[in-house]
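Q: What follows is final_30.cif; its format and atoms are mmCIF, C-alpha atoms.
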data_query
#
loop_
_atom_site.label_atom_id
_atom_site.label_comp_id
_atom_site.auth_asym_id
_atom_site.auth_seq_id
_atom_site.Cartn_x
_atom_site.Cartn_y
_atom_site.Cartn_z
CA MET F 595 12.38 -199.41 41.26
CA GLY F 596 12.15 -200.75 44.79
CA ALA F 597 15.78 -199.78 45.43
CA VAL F 598 15.13 -196.31 44.06
CA ALA F 599 12.09 -195.92 46.28
CA ALA F 600 14.00 -197.13 49.33
CA GLY F 601 16.82 -194.71 48.59
CA ALA F 602 14.42 -191.84 48.06
CA ALA F 603 12.83 -192.51 51.43
CA LEU F 604 16.27 -191.90 53.00
CA GLY F 605 16.75 -188.71 51.01
CA ARG F 606 19.18 -189.97 48.33
CA PRO F 607 19.49 -192.83 45.81
CA ALA F 608 20.66 -196.11 47.38
CA TRP F 609 23.78 -196.19 45.19
CA ALA F 610 24.79 -192.55 45.59
CA ALA F 611 27.13 -191.57 48.41
CA PRO F 612 26.60 -188.06 49.86
CA ALA F 613 28.40 -185.26 48.05
CA THR F 614 29.81 -183.79 51.27
CA PRO F 615 32.35 -186.16 52.87
CA ILE F 616 32.77 -186.97 56.54
CA THR F 617 36.22 -185.72 57.57
CA PHE F 618 38.25 -188.12 59.71
CA ILE F 619 41.83 -187.70 60.94
CA GLY F 620 44.12 -190.22 62.64
CA TRP F 621 47.62 -190.82 63.92
CA GLN F 622 50.48 -192.89 62.52
CA TYR F 623 49.73 -196.34 63.90
CA GLN F 624 49.07 -198.66 60.94
CA PRO F 625 47.54 -195.89 58.78
CA GLN F 626 47.20 -198.20 55.78
CA ILE F 627 44.84 -200.41 57.78
CA ALA F 628 42.91 -197.40 59.03
CA GLU F 629 42.43 -196.32 55.43
CA ASP F 630 41.39 -199.86 54.49
CA ASN F 631 38.80 -199.76 57.29
CA VAL F 632 37.50 -196.45 55.95
CA ASN F 633 36.95 -198.08 52.57
CA ILE F 634 35.07 -200.98 54.17
CA PHE F 635 32.81 -198.47 55.93
CA LYS F 636 32.22 -196.54 52.70
CA LYS F 637 31.04 -199.69 50.92
CA LEU F 638 28.96 -200.99 53.83
CA TYR F 639 27.19 -197.67 54.42
CA ASP F 640 27.35 -196.24 50.88
CA GLU F 641 29.28 -193.29 52.32
CA ASN F 642 31.75 -190.57 51.47
CA VAL F 643 34.69 -190.18 53.89
CA THR F 644 37.94 -188.23 53.65
CA TYR F 645 40.68 -189.75 55.82
CA GLU F 646 43.73 -187.66 56.73
CA LEU F 647 46.87 -189.05 58.34
CA VAL F 648 48.46 -186.67 60.87
CA PRO F 649 52.25 -187.12 60.92
CA GLY F 650 54.52 -186.15 63.79
CA ASP F 651 53.36 -185.31 67.32
CA TYR F 652 49.64 -185.99 66.85
CA HIS F 653 47.90 -184.05 69.64
CA PRO F 654 49.72 -180.69 69.22
CA VAL F 655 49.27 -180.88 65.45
CA VAL F 656 45.55 -181.57 65.80
CA GLU F 657 45.16 -178.72 68.29
CA THR F 658 46.82 -176.40 65.75
CA LYS F 659 44.41 -177.57 63.06
CA LEU F 660 41.38 -177.09 65.32
CA MET F 661 42.51 -173.64 66.48
CA GLY F 662 42.96 -172.72 62.85
CA GLY F 663 39.33 -173.58 62.15
CA GLN F 664 39.75 -176.85 60.23
CA HIS F 665 36.51 -178.83 60.21
CA ILE F 666 36.93 -182.35 61.62
CA ASP F 667 34.02 -184.75 62.09
CA MET F 668 35.87 -187.58 63.81
CA MET F 669 39.33 -187.81 65.35
CA TYR F 670 41.54 -190.02 67.51
CA SER F 671 42.51 -188.91 70.99
CA GLU F 672 44.28 -190.26 74.04
CA GLU F 673 42.48 -189.98 77.36
CA ASP F 674 44.48 -186.97 78.52
CA HIS F 675 43.13 -184.69 75.76
CA ILE F 676 39.42 -185.55 75.89
CA ALA F 677 38.38 -182.97 78.49
CA ARG F 678 40.79 -180.38 77.13
CA TRP F 679 39.33 -180.57 73.63
CA HIS F 680 35.78 -180.62 74.93
CA ALA F 681 36.38 -177.52 77.06
CA ALA F 682 37.74 -175.76 73.97
CA GLY F 683 34.49 -176.54 72.15
CA TRP F 684 36.10 -178.76 69.51
CA VAL F 685 34.30 -182.03 70.36
CA ARG F 686 30.92 -183.04 71.77
CA ASP F 687 29.74 -185.74 74.15
CA LEU F 688 27.77 -188.77 72.95
CA GLU F 689 24.90 -188.71 75.41
CA GLY F 690 21.46 -189.12 73.87
CA LEU F 691 22.66 -190.75 70.66
CA PRO F 692 20.87 -193.95 69.55
CA GLY F 693 22.01 -197.06 71.45
CA ILE F 694 24.42 -195.21 73.74
CA ASP F 695 23.05 -196.76 76.95
CA ALA F 696 23.58 -200.29 75.62
CA ILE F 697 27.09 -199.36 74.53
CA LYS F 698 27.96 -198.03 77.99
CA ALA F 699 26.58 -201.18 79.63
CA GLY F 700 29.00 -203.30 77.60
CA LEU F 701 32.14 -201.37 78.58
CA PHE F 702 34.63 -202.14 81.32
CA GLU F 703 34.28 -199.60 84.12
CA VAL F 704 37.91 -198.48 83.84
CA SER F 705 37.41 -197.80 80.12
CA LYS F 706 34.18 -195.94 80.69
CA ALA F 707 35.89 -193.76 83.30
CA SER F 708 38.79 -193.10 80.94
CA MET F 709 36.48 -191.99 78.12
CA SER F 710 34.20 -189.79 80.21
CA LEU F 711 34.19 -186.05 80.84
CA PRO F 712 34.47 -184.59 84.37
CA ASP F 713 30.65 -184.51 84.59
CA GLY F 714 30.44 -188.24 83.81
CA LYS F 715 29.15 -187.93 80.26
CA LEU F 716 30.65 -190.33 77.75
CA ALA F 717 32.78 -188.40 75.27
CA GLY F 718 34.03 -191.08 72.89
CA LEU F 719 34.07 -194.70 71.80
CA PRO F 720 37.10 -196.96 72.29
CA TYR F 721 39.87 -197.14 69.74
CA TYR F 722 41.65 -199.60 72.02
CA ALA F 723 42.02 -200.19 75.74
CA GLY F 724 45.38 -200.83 77.32
CA HIS F 725 47.38 -200.91 80.51
CA ASN F 726 51.05 -201.00 81.33
CA ALA F 727 52.22 -204.56 81.89
CA PHE F 728 55.20 -205.90 83.85
CA ILE F 729 57.12 -208.59 81.96
CA TYR F 730 60.22 -210.66 82.61
CA ASN F 731 62.58 -213.03 80.84
CA GLU F 732 61.91 -216.38 82.49
CA GLU F 733 65.28 -217.80 81.40
CA HIS F 734 67.17 -214.94 83.06
CA LEU F 735 65.42 -215.46 86.39
CA SER F 736 66.14 -219.18 86.26
CA LYS F 737 69.87 -218.59 85.62
CA ALA F 738 70.17 -216.14 88.52
CA GLY F 739 67.89 -218.04 90.87
CA VAL F 740 65.70 -214.96 91.24
CA LYS F 741 61.97 -214.86 91.92
CA VAL F 742 59.54 -212.50 90.21
CA PRO F 743 59.71 -209.18 92.13
CA THR F 744 56.58 -208.08 93.96
CA ASP F 745 57.73 -204.66 95.21
CA TRP F 746 60.40 -202.03 94.58
CA ASP F 747 62.97 -203.43 97.01
CA SER F 748 62.79 -206.91 95.53
CA LEU F 749 62.92 -205.46 92.00
CA LEU F 750 66.11 -203.52 92.75
CA ASP F 751 67.67 -206.52 94.52
CA ALA F 752 66.82 -208.79 91.58
CA CYS F 753 68.37 -206.35 89.11
CA ARG F 754 71.54 -206.10 91.20
CA LYS F 755 71.93 -209.89 91.34
CA LEU F 756 71.24 -210.33 87.63
CA LYS F 757 73.95 -207.80 86.83
CA LYS F 758 76.43 -209.18 89.37
CA ASP F 759 75.97 -212.72 88.05
CA GLY F 760 76.52 -211.58 84.47
CA VAL F 761 73.06 -212.61 83.32
CA SER F 762 72.13 -209.09 82.17
CA ASP F 763 74.24 -205.93 82.08
CA ALA F 764 71.08 -203.77 82.10
CA PRO F 765 68.32 -205.87 83.72
CA TYR F 766 65.60 -203.21 83.76
CA ASN F 767 64.08 -201.56 80.71
CA SER F 768 61.11 -199.28 80.12
CA ALA F 769 59.92 -196.37 78.00
CA TRP F 770 61.76 -193.41 79.51
CA GLY F 771 61.42 -190.94 76.64
CA GLN F 772 59.48 -187.66 76.79
CA ASN F 773 56.61 -188.60 74.47
CA TRP F 774 53.16 -188.92 76.04
CA PRO F 775 53.01 -192.75 76.07
CA GLU F 776 56.49 -193.24 77.52
CA LEU F 777 57.92 -192.08 80.85
CA SER F 778 54.62 -190.64 82.05
CA TRP F 779 52.68 -193.86 81.52
CA SER F 780 55.44 -195.92 83.12
CA LEU F 781 55.68 -193.64 86.14
CA PHE F 782 51.92 -193.49 86.69
CA SER F 783 51.68 -197.28 86.54
CA LEU F 784 54.40 -197.69 89.12
CA TRP F 785 53.01 -194.89 91.28
CA TYR F 786 49.56 -196.48 91.33
CA ALA F 787 51.01 -199.95 91.88
CA ASN F 788 53.00 -198.59 94.82
CA GLY F 789 49.88 -197.05 96.39
CA ALA F 790 50.54 -193.42 95.49
CA LYS F 791 47.49 -191.20 94.90
CA VAL F 792 49.56 -188.80 92.76
CA PHE F 793 46.71 -186.26 92.72
CA ASP F 794 43.93 -185.67 95.26
CA ASP F 795 40.29 -184.72 94.68
CA LYS F 796 41.27 -181.05 94.42
CA SER F 797 43.74 -181.87 91.64
CA ASP F 798 46.70 -181.05 93.85
CA LEU F 799 49.86 -183.15 93.67
CA VAL F 800 50.23 -185.61 96.56
CA VAL F 801 53.91 -185.97 97.35
CA ASP F 802 53.76 -188.93 99.72
CA ALA F 803 56.24 -191.71 100.50
CA ALA F 804 54.90 -193.96 97.75
CA PHE F 805 55.29 -191.16 95.19
CA LYS F 806 58.87 -190.51 96.27
CA THR F 807 59.85 -194.18 96.40
CA VAL F 808 59.17 -194.67 92.72
CA LEU F 809 61.20 -191.60 91.71
CA GLU F 810 64.06 -192.60 94.00
CA GLY F 811 63.92 -196.09 92.53
CA HIS F 812 64.28 -194.74 89.00
CA ARG F 813 67.32 -192.68 90.02
CA THR F 814 68.85 -195.73 91.66
CA LEU F 815 68.31 -197.86 88.56
CA TYR F 816 70.12 -195.26 86.45
CA LYS F 817 72.90 -194.50 88.96
CA GLU F 818 73.80 -198.16 89.51
CA GLY F 819 73.79 -198.94 85.80
CA LEU F 820 70.83 -201.30 86.07
CA VAL F 821 69.38 -199.72 82.92
CA ALA F 822 71.06 -198.91 79.62
CA ALA F 823 72.84 -195.55 79.66
CA ASP F 824 70.86 -194.43 76.61
CA ILE F 825 67.47 -195.66 77.84
CA MET F 826 65.94 -192.18 77.54
CA THR F 827 66.53 -192.18 73.79
CA PHE F 828 65.55 -195.76 72.94
CA PRO F 829 63.38 -195.80 69.79
CA ASN F 830 59.91 -197.33 69.67
CA GLU F 831 59.49 -197.12 73.45
CA GLY F 832 62.31 -199.57 74.09
CA VAL F 833 60.49 -202.61 72.73
CA PRO F 834 63.09 -203.53 70.06
CA ALA F 835 65.80 -203.21 72.72
CA TYR F 836 63.99 -205.66 74.98
CA CYS F 837 63.52 -208.10 72.09
CA THR F 838 67.31 -208.44 71.78
CA GLY F 839 67.37 -210.45 75.00
CA ARG F 840 69.65 -207.99 76.78
CA HIS F 841 67.15 -207.03 79.48
CA THR F 842 65.23 -209.03 82.08
CA PHE F 843 62.37 -206.83 83.24
CA MET F 844 60.27 -204.26 81.43
CA VAL F 845 57.22 -202.07 81.97
CA LEU F 846 55.53 -201.70 78.59
CA HIS F 847 52.18 -201.38 76.84
CA ASP F 848 50.35 -204.65 77.28
CA TYR F 849 49.91 -205.22 73.54
CA ASP F 850 53.68 -205.08 72.99
CA GLN F 851 53.96 -208.43 74.76
CA LYS F 852 52.83 -209.86 71.44
CA VAL F 853 55.94 -208.41 69.80
CA THR F 854 58.30 -209.71 72.50
CA ASN F 855 56.94 -213.23 71.98
CA ASP F 856 56.91 -213.10 68.18
CA PRO F 857 59.74 -215.24 66.70
CA LYS F 858 59.87 -212.90 63.69
CA ALA F 859 60.58 -209.86 65.85
CA SER F 860 62.16 -211.16 69.05
CA LYS F 861 65.19 -213.28 69.93
CA ILE F 862 63.53 -214.31 73.18
CA ALA F 863 60.11 -215.36 71.90
CA GLY F 864 58.52 -217.88 74.22
CA LYS F 865 60.63 -216.82 77.20
CA VAL F 866 58.74 -213.63 78.05
CA LYS F 867 56.10 -213.85 80.77
CA ASN F 868 53.84 -211.26 82.37
CA ALA F 869 53.35 -210.73 86.10
CA LEU F 870 51.41 -208.35 88.31
CA MET F 871 52.93 -204.88 88.56
CA PRO F 872 55.31 -204.77 91.56
CA GLY F 873 54.05 -202.68 94.45
CA LYS F 874 51.67 -202.44 97.38
CA THR F 875 48.45 -202.38 95.34
CA GLN F 876 49.81 -203.87 92.07
CA SER F 877 47.36 -201.62 90.21
CA PRO F 878 48.71 -200.44 86.85
CA PHE F 879 47.69 -197.33 84.98
CA ALA F 880 45.02 -198.17 82.39
CA TRP F 881 43.84 -196.01 79.53
CA THR F 882 41.41 -196.13 76.65
CA ALA F 883 42.20 -194.24 73.47
CA VAL F 884 39.10 -192.93 71.77
CA TYR F 885 37.32 -191.78 68.66
CA LEU F 886 35.76 -188.37 69.27
CA MET F 887 32.99 -186.62 67.35
CA GLY F 888 33.56 -183.02 66.30
CA SER F 889 31.34 -180.44 67.92
CA HIS F 890 29.68 -179.54 64.60
CA PRO F 891 29.51 -182.74 62.55
CA VAL F 892 28.52 -182.52 58.92
CA ASP F 893 25.62 -184.82 59.83
CA VAL F 894 25.20 -186.32 63.32
CA GLU F 895 23.65 -189.57 62.08
CA ARG F 896 26.36 -190.16 59.48
CA VAL F 897 29.23 -189.39 61.83
CA TRP F 898 27.63 -191.50 64.56
CA ASN F 899 27.58 -194.41 62.09
CA LEU F 900 31.30 -193.90 61.43
CA LEU F 901 32.06 -193.63 65.14
CA GLN F 902 30.22 -196.87 65.87
CA PHE F 903 31.85 -198.70 62.95
CA PHE F 904 35.33 -197.84 64.21
CA GLY F 905 34.65 -197.75 67.95
CA GLY F 906 32.02 -200.46 68.34
CA LYS F 907 29.60 -202.56 66.30
CA ALA F 908 28.67 -201.79 62.73
CA LYS F 909 25.08 -202.03 61.54
CA ASP F 910 25.68 -205.69 60.64
CA GLY F 911 26.48 -206.47 64.29
CA GLN F 912 30.22 -206.99 63.72
CA TYR F 913 33.19 -205.41 65.51
CA HIS F 914 34.97 -204.93 62.19
CA VAL F 915 37.77 -202.62 63.33
CA ILE F 916 38.20 -203.52 66.98
CA LYS F 917 38.42 -207.27 66.42
CA ARG F 918 40.89 -206.75 63.60
CA TRP F 919 43.16 -204.71 65.88
CA ALA F 920 42.91 -207.41 68.53
CA LEU F 921 43.73 -210.38 66.29
CA GLN F 922 46.44 -208.75 64.18
CA PHE F 923 48.21 -206.57 66.75
CA GLY F 924 47.05 -207.67 70.20
CA LEU F 925 45.24 -204.42 71.04
CA GLY F 926 42.81 -204.84 73.90
CA SER F 927 39.26 -203.53 73.83
CA GLY F 928 37.07 -201.56 76.19
CA TYR F 929 34.23 -203.96 75.41
CA LYS F 930 33.70 -207.02 77.61
CA GLU F 931 32.18 -208.89 74.67
CA VAL F 932 35.30 -208.47 72.53
CA MET F 933 37.69 -209.52 75.28
CA SER F 934 35.66 -212.68 75.89
CA ASP F 935 35.36 -213.54 72.19
CA PRO F 936 36.76 -217.09 71.72
CA GLU F 937 38.98 -216.05 68.80
CA VAL F 938 40.44 -213.15 70.74
CA VAL F 939 40.97 -215.27 73.86
CA ALA F 940 42.73 -217.98 71.84
CA SER F 941 44.94 -215.43 70.09
CA PHE F 942 45.91 -213.53 73.24
CA SER F 943 46.63 -216.75 75.16
CA LYS F 944 49.51 -217.53 72.80
CA TRP F 945 51.66 -214.64 74.02
CA ARG F 946 50.60 -213.73 77.56
CA ASP F 947 49.02 -215.19 80.68
CA LEU F 948 45.41 -214.08 80.47
CA ALA F 949 44.65 -214.70 84.14
CA THR F 950 47.32 -212.13 85.05
CA THR F 951 46.11 -209.75 82.37
CA ASN F 952 42.49 -210.00 83.52
CA LYS F 953 43.57 -209.37 87.11
CA GLN F 954 45.47 -206.27 86.03
CA ILE F 955 42.42 -204.95 84.17
CA GLN F 956 40.19 -205.56 87.20
CA ILE F 957 42.43 -203.61 89.59
CA ALA F 958 43.75 -201.01 87.11
CA THR F 959 43.49 -197.26 87.74
CA SER F 960 42.49 -194.64 85.19
CA ARG F 961 43.84 -191.10 85.52
CA LYS F 962 41.10 -188.86 86.81
CA ILE F 963 43.57 -186.00 86.70
CA ALA F 964 43.67 -186.31 82.90
CA LYS F 965 40.21 -184.72 82.85
CA THR F 966 41.69 -181.34 83.73
CA THR F 967 42.45 -179.03 80.81
CA TRP F 968 45.97 -178.29 82.02
CA PHE F 969 47.20 -181.83 82.63
CA PRO F 970 48.92 -182.41 79.25
CA GLU F 971 51.16 -179.41 79.86
CA TRP F 972 52.02 -180.53 83.39
CA ASP F 973 52.65 -184.05 82.13
CA LEU F 974 55.27 -182.91 79.62
CA PHE F 975 56.92 -180.70 82.23
CA MET F 976 56.93 -183.63 84.67
CA MET F 977 58.65 -185.97 82.20
CA LYS F 978 61.39 -183.45 81.41
CA SER F 979 61.94 -182.71 85.10
CA ALA F 980 61.91 -186.38 86.09
CA GLN F 981 64.48 -187.19 83.42
CA GLU F 982 66.84 -184.56 84.83
CA TYR F 983 66.37 -185.90 88.35
CA ILE F 984 66.95 -189.49 87.24
CA ARG F 985 70.21 -188.40 85.60
CA GLY F 986 71.36 -187.07 88.98
CA ASN F 987 70.50 -183.38 88.74
CA GLY F 988 68.95 -181.81 91.84
CA SER F 989 67.38 -183.33 94.91
CA LEU F 990 64.11 -185.19 95.27
CA ASP F 991 62.66 -182.37 97.36
CA GLN F 992 63.55 -179.86 94.66
CA LEU F 993 61.86 -182.01 92.02
CA CYS F 994 58.70 -182.44 94.09
CA ASP F 995 58.53 -178.71 94.87
CA SER F 996 58.93 -177.92 91.19
CA LEU F 997 56.18 -180.34 90.16
CA SER F 998 53.80 -178.96 92.80
CA SER F 999 54.54 -175.37 91.81
CA LYS F 1000 53.83 -176.20 88.18
CA VAL F 1001 50.39 -177.50 89.15
CA ALA F 1002 49.61 -174.25 90.97
CA ASP F 1003 50.86 -172.12 88.06
CA LEU F 1004 48.82 -174.02 85.48
CA LYS F 1005 45.68 -173.85 87.59
CA LYS F 1006 45.97 -170.05 87.62
CA GLN F 1007 46.56 -169.93 83.88
CA TYR F 1008 43.50 -172.04 83.14
CA GLN F 1009 41.08 -170.31 85.53
#
Please rewrite the model in this file as structure tokens.

A:
Amino acid sequence: MGAVAAGAALGRPAWAAPATPITFIGWQYQPQIAEDNVNIFKKLYDENVTYELVPGDYHPVVETKLMGGQHIDMMYSEEDHIARWHAAGWVRDLEGLPGIDAIKAGLFEVSKASMSLPDGKLAGLPYYAGHNAFIYNEEHLSKAGVKVPTDWDSLLDACRKLKKDGVSDAPYNSAWGQNWPELSWSLFSLWYANGAKVFDDKSDLVVDAAFKTVLEGHRTLYKEGLVAADIMTFPNEGVPAYCTGRHTFMVLHDYDQKVTNDPKASKIAGKVKNALMPGKTQSPFAWTAVYLMGSHPVDVERVWNLLQFFGGKAKDGQYHVIKRWALQFGLGSGYKEVMSDPEVVASFSKWRDLATTNKQIQIATSRKIAKTTWFPEWDLFMMKSAQEYIRGNGSLDQLCDSLSSKVADLKKQYQ
């Protein structure tokens, strides 16, 4: 009777989940675990949730669903679509929700910036927080008598010597494909590390020496055969290729270091080390993927519970989802408390140097430009254009003019 009374006070019996489900969609990373986490939430909160896996190119598919009027209560998003989807009226900010100030206080500043709207309001909670890392095969450097590069010139010289000495036929590797987490993320990390602004406060492209140096460096790597000829079509962002032991250096998502040092997945496990990103500032690009709340949730309190369960602490005080991602797959978190958790620290220390990682997080740069509604379109155009330039088509000035013109065109379209 007491349970019935308690349930009635909340508007429904304690054992009866709501008839109307919360709708939640997600991308293809470990969907079976995402569904498992949904089931944990349903039991813990006595809830009703419908989880939908979105196959293929996630963001365009979701935009098509939203434009078609599909109701979505919670969804994944990368940082470059947050402002775009908010401007379209598909998602809402989280300001004023219970406990939001305490949540913001526990976030790393770079993550908070990544998850915020142009007006500074927090738009989502962290799915995971990452940055591009610079790794190297310690055995290769020892064989060639090469030091860890600290800038572009020393990186190119090291690659040339490694190839000349027969240590590696393609010393440099990275994600050079056209998907959103590949060439764009790699370029932005190296631009920021080299001191390039990339975009100014007016959202205009800044074509300075640092910006050009990185693009010229990529063309040089390709022209001199210091990368694999088919690098632009490597599957899985080039990580399996690096795990073969063929390459020496790589710019990759920080969590993929776990794969490169996993004996079950990598032939060079134990030999892969991480260093600061080469360049003047050594600042990598950092991002925080998010869970967003739909603009018209079926019930704000219920969806807020789901958002917190996945993107923060559940009502029992546990980081159920975030800590699981960290321990099983090496995904970083936007929360200081998670990253200092003894279990997480011990786990991460097995496959990367945490002092270097922490330094990279402290000096990392988030993309303010991603808060413009037109950026995703420019970003795709930039990757396609950069690939053509790297292959040897056109001049650097032509590429830079084209990228600047595209910014101006998109600004007019989105006025």

Q: Could you tell me, as a PyMOL selection string, exactly which residues end up selected when the PyMOL selection byres ((chain F and resi 829) around 12) is applied to this structure?

A: chain F and resi 768-773+776+824-828+830-836

Q: Can you sort out the box for stretch 699-707 of chain F, edges along x, y and z, all listed atoms in, 8 Å on every side, with centre and edge lengths in Å to one decimal, as JSON?

A:
{"center_x": 32.2, "center_y": -198.5, "center_z": 80.9, "size_x": 27.3, "size_y": 25.5, "size_z": 22.5}

Q: Enter the distance from atom CA of F:Val897 to atom CA of F:Ile963, in Å, rounded to one decimal.

A: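 Answer for the atom CA of F:Val897 to atom CA of F:Ile963 separation: 28.9 Å.
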
Q: Check what the PyMOL selection byres ((chain F and resi 717-726) around 8) selects in the file above and give those residues as a PyMOL selection string.

A: chain F and resi 670+676+686-689+705+709-711+715-716+727-728+779-780+783+845-849+878-887+901-902+904-906+916+925-928+954-955+958

Q: Distance atom CA of F:His841-atom CA of F:Tyr766, one decimal place?

A: 5.9 Å
